[in-house]
Amino acid sequence: METSQEHSVFNIEAIRQDFPILNRKVNGKPLVYFDNAATSQKPKVVIDAITHYYSSYNANIHRGVHALSQEATDAFEAARKTIQKHFNAEHAHELIFTSGTTHGINLVASGFTSFLKENDEVLVSAMEHHSNIVPWQMLCERTGATLRVIPMNNEGDLVISDFDKLLSSKTKLVFVNHVSNVLGTINPIKFIIKKAHQVGAAVLIDGAQACAHIKADLVDLNADFYVTSAHKMCGPTGIGVLYGKEEWLKKLPPYQGGGEMIEEVTFEKSTYAGLPHKFEAGTPNVSGAIAFGAAIDYLNDLGFDKIQAYEDDLLNYATEKLSTLEGVKIYGTSKEKTSVISFNIGNIHPYDIGTILDKMGIAVRTGHHCAQPIMDYYHIPGTVRASFIFYNTKEEIDIFIEALKKAIGMLS
Ligand SMILES: *Cc1c(COP(=O)(O)O)cnc(C)c1O
């Protein structure tokens, strides 16, 4: 359904004008920003939401009797509702503000400490970001549980038949990303969740890389936990959200103790506040949460269907052009993927390519992308990664391809 606010066509020129940073130059050249998988740029509405908060109603929330505190609390809680509606969660109190994906995963991993015992198993996919591996390894060290890996294949798809074999009554937790930040693969999370539930395991989905491109429907997915960071979806850094099913959030112990998360404190004993406050100790990132809400409104005004169609077109165009260059190897060729391309060219070191592209104003990422197990799988030290989002253009891809040709000429 179209709302009156929605851009009636995908007007790329108008959209680019929403992002002030896209007007700047880097090394004398117009910026071509292809590092969106690391963090996305921010539209003016998001920047304005932060400025407006600090210039007109900055106050601490939830406790104040005064007008500013009330306004700030209302805006903060309205942002929570915006996020709830966006992800189609059943209750607003199932959404916990965090500092980002990493914080959300650590919160859950910490909470499971008393629920796991020796011989229990937890499953991780072979294509996870380090932030969805290390907290679980630490949990296994604390509890004696065993971490097992759902393998992937050469195309960058999970081997689902092997996942099936790994599942058993010992499996207590499964954690998989919705989209891989290296390969772009969109994992079949609904199916994974259904299968895991059949053996009684809970599932955490790392949505950090999906959220700018795919609108997750939490009722439909039936995930137990879903985490993301605002900064990957045009919001600010330092704010994210953890969705947890009410029954799980009630069971999990608080992560941090402090103000805001208590009901009553005496030196003998403290009782904890209800959801969501039990998990939000201390003064939260108020401006960040409000601006996160503004980012989500912005994306929904554009429309996720249109965003996806446009980005698919960019991905296909870039993949085709890149494939014509000699010696290019693309990692991640799943049929279901978002607009991320990881690649190498012959034996040229990714860092050298990235450095030359930077001289031409083009921002890409090089290295292991916080996913060393994927690099080990392909026996490479790293890749060049170009990641596109809805404000990128085919003209920018042409500039990128020409720059790559120059880089190849200089380096081989
Ligand atoms: C970026 C990213 C993370 C980490 O997000 P932070 O904002 O750094 O906490 C985790 N997983 C995936 C798939 C990512 O892309």
# chains A, B, ... in the order shown; residues from 1 in each chain; ligands from 1

$ residues_around --residues "stretch 165-178 of chain A" --least-positions-apart "2" --cutoff "7 Å" --atoms "only C-alpha atoms" --output "list in words"
Asp120, Glu121, Val122, Leu123, Val124, Ser125, Glu128, Ser161, Asp162, Phe163, Ser180, Ile186, Asn187, Ile189, Val199, Gly200, Ala201, Ala202, Val203, Leu204, Ile205, Asp206, Gly207 and Ala210 of chain A

$ write_last_selection --atoms "N, CA, C and O atoms" --output "CSV table (one decimal), in the first residue's frame"
chain,number,residue,atom,x,y,z
A,120,ASP,N,25.5,-30.0,26.4
A,120,ASP,CA,24.5,-29.3,25.6
A,120,ASP,C,25.3,-28.8,24.3
A,120,ASP,O,26.5,-28.7,24.4
A,121,GLU,N,24.6,-28.6,23.3
A,121,GLU,CA,25.2,-28.1,22.1
A,121,GLU,C,24.6,-26.8,21.6
A,121,GLU,O,23.4,-26.6,21.7
A,122,VAL,N,25.4,-25.9,21.0
A,122,VAL,CA,24.9,-24.7,20.3
A,122,VAL,C,25.5,-24.7,18.9
A,122,VAL,O,26.6,-25.2,18.7
A,123,LEU,N,24.6,-24.3,18.0
A,123,LEU,CA,25.0,-24.3,16.6
A,123,LEU,C,25.2,-22.9,16.0
A,123,LEU,O,24.4,-22.1,16.2
A,124,VAL,N,26.3,-22.8,15.3
A,124,VAL,CA,26.6,-21.5,14.7
A,124,VAL,C,26.8,-21.7,13.2
A,124,VAL,O,27.3,-22.8,12.8
A,125,SER,N,26.5,-20.8,12.3
A,125,SER,CA,26.8,-21.0,10.9
A,125,SER,C,28.2,-20.7,10.5
A,125,SER,O,28.9,-20.0,11.3
A,128,GLU,N,29.4,-16.6,9.9
A,128,GLU,CA,29.1,-15.5,10.8
A,128,GLU,C,30.1,-14.5,11.0
A,128,GLU,O,31.3,-14.7,10.8
A,161,SER,N,21.2,-29.8,4.6
A,161,SER,CA,21.1,-31.2,4.9
A,161,SER,C,22.0,-31.5,6.1
A,161,SER,O,21.7,-32.3,7.0
A,162,ASP,N,23.2,-30.8,6.2
A,162,ASP,CA,24.1,-31.0,7.3
A,162,ASP,C,23.5,-30.3,8.6
A,162,ASP,O,23.8,-30.9,9.7
A,163,PHE,N,22.9,-29.2,8.4
A,163,PHE,CA,22.2,-28.6,9.5
A,163,PHE,C,21.2,-29.6,10.2
A,163,PHE,O,21.2,-29.8,11.4
A,180,SER,N,24.7,-12.6,5.2
A,180,SER,CA,26.1,-12.5,5.4
A,180,SER,C,26.7,-11.2,5.0
A,180,SER,O,26.5,-10.8,3.8
A,186,ILE,N,21.4,-14.5,1.5
A,186,ILE,CA,20.2,-14.3,2.4
A,186,ILE,C,19.9,-15.8,2.9
A,186,ILE,O,19.5,-16.6,2.1
A,187,ASN,N,20.1,-16.0,4.1
A,187,ASN,CA,19.9,-17.4,4.6
A,187,ASN,C,18.4,-17.7,4.8
A,187,ASN,O,17.6,-16.8,5.1
A,189,ILE,N,16.2,-18.3,6.9
A,189,ILE,CA,16.1,-18.3,8.4
A,189,ILE,C,14.7,-18.8,8.9
A,189,ILE,O,14.6,-19.4,9.9
A,199,VAL,N,13.3,-29.4,17.7
A,199,VAL,CA,14.1,-30.1,18.7
A,199,VAL,C,14.2,-29.3,20.0
A,199,VAL,O,14.9,-29.6,20.9
A,200,GLY,N,13.4,-28.2,20.1
A,200,GLY,CA,13.3,-27.4,21.3
A,200,GLY,C,14.4,-26.4,21.5
A,200,GLY,O,14.6,-25.9,22.6
A,201,ALA,N,15.2,-26.1,20.4
A,201,ALA,CA,16.2,-25.1,20.5
A,201,ALA,C,15.7,-23.7,20.2
A,201,ALA,O,14.8,-23.5,19.4
A,202,ALA,N,16.3,-22.7,20.9
A,202,ALA,CA,16.0,-21.3,20.6
A,202,ALA,C,16.9,-20.8,19.5
A,202,ALA,O,18.0,-21.3,19.3
A,203,VAL,N,16.4,-19.8,18.8
A,203,VAL,CA,17.2,-19.3,17.6
A,203,VAL,C,17.4,-17.8,17.8
A,203,VAL,O,16.5,-17.0,18.0
A,204,LEU,N,18.7,-17.4,17.6
A,204,LEU,CA,19.0,-15.9,17.5
A,204,LEU,C,19.4,-15.6,16.1
A,204,LEU,O,20.3,-16.3,15.5
A,205,ILE,N,18.7,-14.6,15.5
A,205,ILE,CA,19.1,-14.2,14.2
A,205,ILE,C,19.8,-12.8,14.3
A,205,ILE,O,19.4,-11.9,14.9
A,206,ASP,N,21.0,-12.8,13.6
A,206,ASP,CA,21.8,-11.6,13.5
A,206,ASP,C,21.3,-10.8,12.3
A,206,ASP,O,21.6,-11.3,11.2
A,207,GLY,N,20.6,-9.8,12.5
A,207,GLY,CA,19.9,-9.1,11.4
A,207,GLY,C,20.7,-7.9,10.9
A,207,GLY,O,20.2,-7.1,10.1
A,210,ALA,N,21.0,-7.4,7.2
A,210,ALA,CA,19.8,-7.6,6.4
A,210,ALA,C,18.9,-6.3,6.5
A,210,ALA,O,18.2,-6.0,5.5

$ residues_around --residues "A:Ile262" --least-positions-apart "6" --cutoff "10 Å" --atoms "only C-alpha atoms" --output "list in words"
Pro254, Ser270, Thr271, Tyr272, Ala273, Gly274, His277, Lys278, Phe279, Glu280 and Ala281 of chain A

$ residues_around --residues "A:Gly184" --least-positions-apart "4" --cutoff "7 Å" --atoms "only C-alpha atoms" --output "NGL selection string"
:A and (179-180 or 332 or 337-340)

$ residues_around --residues "A:Lys190" --least-positions-apart "4" --cutoff "9 Å" --atoms "only C-alpha atoms" --output "PyMOL selection string"
chain A and resi 194-195+220-223

$ closest_atom_pairs --of "chain A" --to "ligand 1" --cutoff "10 Å" --atoms "only C-alpha atoms and all ligand atoms" --output "JSON lines"
{"residue": "A:Asn36", "atom": "CA", "partner": "ligand 1", "partner_atom_place_in_ligand_line": "15 (O)", "distance": 9.7}
{"residue": "A:Ala37", "atom": "CA", "partner": "ligand 1", "partner_atom_place_in_ligand_line": "15 (O)", "distance": 6.2}
{"residue": "A:Ala38", "atom": "CA", "partner": "ligand 1", "partner_atom_place_in_ligand_line": "1 (C)", "distance": 5.9}
{"residue": "A:Thr39", "atom": "CA", "partner": "ligand 1", "partner_atom_place_in_ligand_line": "1 (C)", "distance": 7.4}
{"residue": "A:Thr98", "atom": "CA", "partner": "ligand 1", "partner_atom_place_in_ligand_line": "9 (O)", "distance": 9.4}
{"residue": "A:Ser99", "atom": "CA", "partner": "ligand 1", "partner_atom_place_in_ligand_line": "9 (O)", "distance": 7.4}
{"residue": "A:Gly100", "atom": "CA", "partner": "ligand 1", "partner_atom_place_in_ligand_line": "9 (O)", "distance": 4.5}
{"residue": "A:Thr101", "atom": "CA", "partner": "ligand 1", "partner_atom_place_in_ligand_line": "9 (O)", "distance": 3.8}
{"residue": "A:Thr102", "atom": "CA", "partner": "ligand 1", "partner_atom_place_in_ligand_line": "9 (O)", "distance": 3.7}
{"residue": "A:His103", "atom": "CA", "partner": "ligand 1", "partner_atom_place_in_ligand_line": "9 (O)", "distance": 6.4}
{"residue": "A:Gly104", "atom": "CA", "partner": "ligand 1", "partner_atom_place_in_ligand_line": "9 (O)", "distance": 8.0}
{"residue": "A:Ile105", "atom": "CA", "partner": "ligand 1", "partner_atom_place_in_ligand_line": "9 (O)", "distance": 8.6}
{"residue": "A:Asn106", "atom": "CA", "partner": "ligand 1", "partner_atom_place_in_ligand_line": "9 (O)", "distance": 9.9}
{"residue": "A:Met127", "atom": "CA", "partner": "ligand 1", "partner_atom_place_in_ligand_line": "13 (C)", "distance": 8.8}
{"residue": "A:Glu128", "atom": "CA", "partner": "ligand 1", "partner_atom_place_in_ligand_line": "13 (C)", "distance": 6.5}
{"residue": "A:His129", "atom": "CA", "partner": "ligand 1", "partner_atom_place_in_ligand_line": "11 (N)", "distance": 4.8}
{"residue": "A:His130", "atom": "CA", "partner": "ligand 1", "partner_atom_place_in_ligand_line": "10 (C)", "distance": 7.2}
{"residue": "A:Ser131", "atom": "CA", "partner": "ligand 1", "partner_atom_place_in_ligand_line": "10 (C)", "distance": 5.4}
{"residue": "A:Asn132", "atom": "CA", "partner": "ligand 1", "partner_atom_place_in_ligand_line": "11 (N)", "distance": 6.4}
{"residue": "A:Ile133", "atom": "CA", "partner": "ligand 1", "partner_atom_place_in_ligand_line": "11 (N)", "distance": 9.6}
{"residue": "A:Val176", "atom": "CA", "partner": "ligand 1", "partner_atom_place_in_ligand_line": "13 (C)", "distance": 9.0}
{"residue": "A:Asn177", "atom": "CA", "partner": "ligand 1", "partner_atom_place_in_ligand_line": "13 (C)", "distance": 5.8}
{"residue": "A:His178", "atom": "CA", "partner": "ligand 1", "partner_atom_place_in_ligand_line": "13 (C)", "distance": 7.5}
{"residue": "A:Val179", "atom": "CA", "partner": "ligand 1", "partner_atom_place_in_ligand_line": "13 (C)", "distance": 6.3}
{"residue": "A:Ser180", "atom": "CA", "partner": "ligand 1", "partner_atom_place_in_ligand_line": "13 (C)", "distance": 5.4}
{"residue": "A:Asn181", "atom": "CA", "partner": "ligand 1", "partner_atom_place_in_ligand_line": "15 (O)", "distance": 4.6}
{"residue": "A:Val182", "atom": "CA", "partner": "ligand 1", "partner_atom_place_in_ligand_line": "15 (O)", "distance": 8.1}
{"residue": "A:Gly184", "atom": "CA", "partner": "ligand 1", "partner_atom_place_in_ligand_line": "13 (C)", "distance": 9.4}
{"residue": "A:Ile205", "atom": "CA", "partner": "ligand 1", "partner_atom_place_in_ligand_line": "13 (C)", "distance": 9.5}
{"residue": "A:Asp206", "atom": "CA", "partner": "ligand 1", "partner_atom_place_in_ligand_line": "11 (N)", "distance": 5.8}
{"residue": "A:Gly207", "atom": "CA", "partner": "ligand 1", "partner_atom_place_in_ligand_line": "13 (C)", "distance": 6.5}
{"residue": "A:Ala208", "atom": "CA", "partner": "ligand 1", "partner_atom_place_in_ligand_line": "14 (C)", "distance": 4.7}
{"residue": "A:Gln209", "atom": "CA", "partner": "ligand 1", "partner_atom_place_in_ligand_line": "15 (O)", "distance": 4.2}
{"residue": "A:Ala210", "atom": "CA", "partner": "ligand 1", "partner_atom_place_in_ligand_line": "13 (C)", "distance": 7.7}
{"residue": "A:Cys211", "atom": "CA", "partner": "ligand 1", "partner_atom_place_in_ligand_line": "15 (O)", "distance": 9.6}
{"residue": "A:Val227", "atom": "CA", "partner": "ligand 1", "partner_atom_place_in_ligand_line": "10 (C)", "distance": 8.7}
{"residue": "A:Thr228", "atom": "CA", "partner": "ligand 1", "partner_atom_place_in_ligand_line": "5 (O)", "distance": 7.1}
{"residue": "A:Ser229", "atom": "CA", "partner": "ligand 1", "partner_atom_place_in_ligand_line": "7 (O)", "distance": 4.8}
{"residue": "A:Ala230", "atom": "CA", "partner": "ligand 1", "partner_atom_place_in_ligand_line": "7 (O)", "distance": 7.6}
{"residue": "A:His231", "atom": "CA", "partner": "ligand 1", "partner_atom_place_in_ligand_line": "7 (O)", "distance": 6.8}
{"residue": "A:Lys232", "atom": "CA", "partner": "ligand 1", "partner_atom_place_in_ligand_line": "1 (C)", "distance": 7.0}
{"residue": "A:Thr237", "atom": "CA", "partner": "ligand 1", "partner_atom_place_in_ligand_line": "7 (O)", "distance": 7.4}
{"residue": "A:Gly238", "atom": "CA", "partner": "ligand 1", "partner_atom_place_in_ligand_line": "7 (O)", "distance": 7.7}
{"residue": "A:Ile239", "atom": "CA", "partner": "ligand 1", "partner_atom_place_in_ligand_line": "7 (O)", "distance": 8.2}
{"residue": "A:Gly240", "atom": "CA", "partner": "ligand 1", "partner_atom_place_in_ligand_line": "7 (O)", "distance": 7.5}
{"residue": "A:His369", "atom": "CA", "partner": "ligand 1", "partner_atom_place_in_ligand_line": "15 (O)", "distance": 8.7}
{"residue": "A:Cys370", "atom": "CA", "partner": "ligand 1", "partner_atom_place_in_ligand_line": "2 (C)", "distance": 8.3}
{"residue": "A:Ala371", "atom": "CA", "partner": "ligand 1", "partner_atom_place_in_ligand_line": "13 (C)", "distance": 9.0}

$ residues_around --residues "stretch 76-91 of chain A" --least-positions-apart "4" --cutoff "9 Å" --atoms "only C-alpha atoms" --output "number ranges by chain"
A: 61, 71-72, 95-97, 215-220, 241, 243, 245-246, 286-287, 289-294, 296-297, 300

$ write_last_selection --atoms "N, CA, C and O atoms" --output "short mmCIF file (atom, residue, chain, number, x, y, z; two decimals), in the first residue's frame"
data_model
loop_
_atom_site.label_atom_id
_atom_site.label_comp_id
_atom_site.auth_asym_id
_atom_site.auth_seq_id
_atom_site.Cartn_x
_atom_site.Cartn_y
_atom_site.Cartn_z
N ILE A 61 15.32 10.58 30.77
CA ILE A 61 13.97 10.07 30.52
C ILE A 61 13.43 9.27 31.70
O ILE A 61 14.18 8.90 32.60
N GLU A 71 8.74 15.08 27.36
CA GLU A 71 8.86 15.10 25.89
C GLU A 71 9.89 14.08 25.42
O GLU A 71 9.69 13.35 24.44
N ALA A 72 11.03 14.05 26.12
CA ALA A 72 12.10 13.12 25.72
C ALA A 72 11.64 11.67 25.90
O ALA A 72 11.88 10.82 25.04
N LEU A 95 11.19 -5.20 22.64
CA LEU A 95 12.30 -4.54 21.96
C LEU A 95 13.15 -3.81 22.98
O LEU A 95 12.70 -2.88 23.65
N ILE A 96 14.39 -4.25 23.10
CA ILE A 96 15.33 -3.69 24.08
C ILE A 96 16.32 -2.82 23.33
O ILE A 96 16.96 -3.29 22.39
N PHE A 97 16.46 -1.58 23.75
CA PHE A 97 17.50 -0.74 23.13
C PHE A 97 18.87 -1.20 23.63
O PHE A 97 19.07 -1.42 24.84
N LYS A 215 12.83 -6.24 5.07
CA LYS A 215 12.00 -5.95 6.23
C LYS A 215 11.63 -7.28 6.89
O LYS A 215 10.88 -8.07 6.33
N ALA A 216 12.21 -7.54 8.05
CA ALA A 216 11.95 -8.82 8.73
C ALA A 216 10.59 -8.74 9.44
O ALA A 216 10.27 -7.73 10.05
N ASP A 217 9.83 -9.80 9.33
CA ASP A 217 8.52 -9.87 10.00
C ASP A 217 8.65 -10.90 11.13
O ASP A 217 8.70 -12.10 10.90
N LEU A 218 8.73 -10.39 12.36
CA LEU A 218 9.07 -11.28 13.48
C LEU A 218 7.95 -12.26 13.83
O LEU A 218 8.23 -13.38 14.27
N VAL A 219 6.72 -11.88 13.61
CA VAL A 219 5.63 -12.83 13.86
C VAL A 219 5.73 -13.98 12.86
O VAL A 219 5.64 -15.15 13.21
N ASP A 220 5.95 -13.62 11.60
CA ASP A 220 6.04 -14.64 10.56
C ASP A 220 7.28 -15.53 10.75
O ASP A 220 7.21 -16.75 10.62
N VAL A 241 18.95 -2.62 18.46
CA VAL A 241 17.82 -3.19 19.16
C VAL A 241 17.97 -4.71 19.26
O VAL A 241 18.53 -5.35 18.36
N TYR A 243 15.45 -7.79 19.79
CA TYR A 243 14.10 -8.30 19.97
C TYR A 243 14.22 -9.64 20.67
O TYR A 243 15.07 -10.47 20.31
N LYS A 245 11.50 -12.70 22.35
CA LYS A 245 10.12 -13.10 22.68
C LYS A 245 9.88 -12.86 24.16
O LYS A 245 10.76 -13.15 24.98
N GLU A 246 8.71 -12.39 24.48
CA GLU A 246 8.39 -12.05 25.86
C GLU A 246 8.76 -13.19 26.83
O GLU A 246 9.38 -12.96 27.87
N VAL A 286 19.41 8.29 24.22
CA VAL A 286 18.08 8.83 23.91
C VAL A 286 18.04 9.39 22.49
O VAL A 286 17.16 9.04 21.69
N SER A 287 18.99 10.23 22.15
CA SER A 287 18.98 10.84 20.81
C SER A 287 19.13 9.75 19.75
O SER A 287 18.51 9.82 18.68
N ALA A 289 18.16 6.59 19.90
CA ALA A 289 16.91 5.84 19.72
C ALA A 289 15.92 6.64 18.88
O ALA A 289 15.28 6.09 17.97
N ILE A 290 15.81 7.93 19.16
CA ILE A 290 14.87 8.77 18.42
C ILE A 290 15.28 8.84 16.94
O ILE A 290 14.44 8.72 16.05
N ALA A 291 16.58 9.00 16.70
CA ALA A 291 17.06 9.07 15.32
C ALA A 291 16.94 7.72 14.61
O ALA A 291 16.73 7.65 13.39
N PHE A 292 17.05 6.63 15.37
CA PHE A 292 16.84 5.28 14.82
C PHE A 292 15.40 5.19 14.29
O PHE A 292 15.15 4.72 13.17
N GLY A 293 14.46 5.68 15.10
CA GLY A 293 13.06 5.70 14.65
C GLY A 293 12.89 6.51 13.38
O GLY A 293 12.19 6.11 12.45
N ALA A 294 13.61 7.65 13.31
CA ALA A 294 13.52 8.50 12.11
C ALA A 294 14.08 7.78 10.89
O ALA A 294 13.56 7.91 9.77
N ILE A 296 14.10 4.54 10.37
CA ILE A 296 13.14 3.50 9.96
C ILE A 296 11.96 4.12 9.21
O ILE A 296 11.53 3.59 8.18
N ASP A 297 11.50 5.26 9.69
CA ASP A 297 10.44 5.96 8.96
C ASP A 297 10.91 6.33 7.55
O ASP A 297 10.17 6.19 6.58
N ASN A 300 10.96 3.26 5.31
CA ASN A 300 9.61 2.82 4.98
C ASN A 300 8.91 3.78 4.03
O ASN A 300 8.09 3.36 3.21
#

$ closest_residue --among "A:Tyr310, A:Tyr57, A:Phe304, A:Phe34" --to "A:His213" --atoms "only C-alpha atoms"
A:Phe304

$ select_by_dssp --residues "stretch 110-305 of chain A" --states "alpha helix (DSSP H)" --output "MDAnalysis selection string"
chainID A and resid 110:111 134:143 160:166 189:198 218:221 246:251 286:302 304:305

$ residues_around --residues "A:Arg365" --least-positions-apart "2" --cutoff "7 Å" --atoms "only C-alpha atoms" --output "ChimeraX atom specification"
/A:35,354,363,367,384-386

$ select_by_dssp --residues "stretch 141-214 of chain A" --states "strand (DSSP E or B)" --output "PyMOL selection string"
chain A and resi 146-150+152+158+171-177+179+185-186+202-206
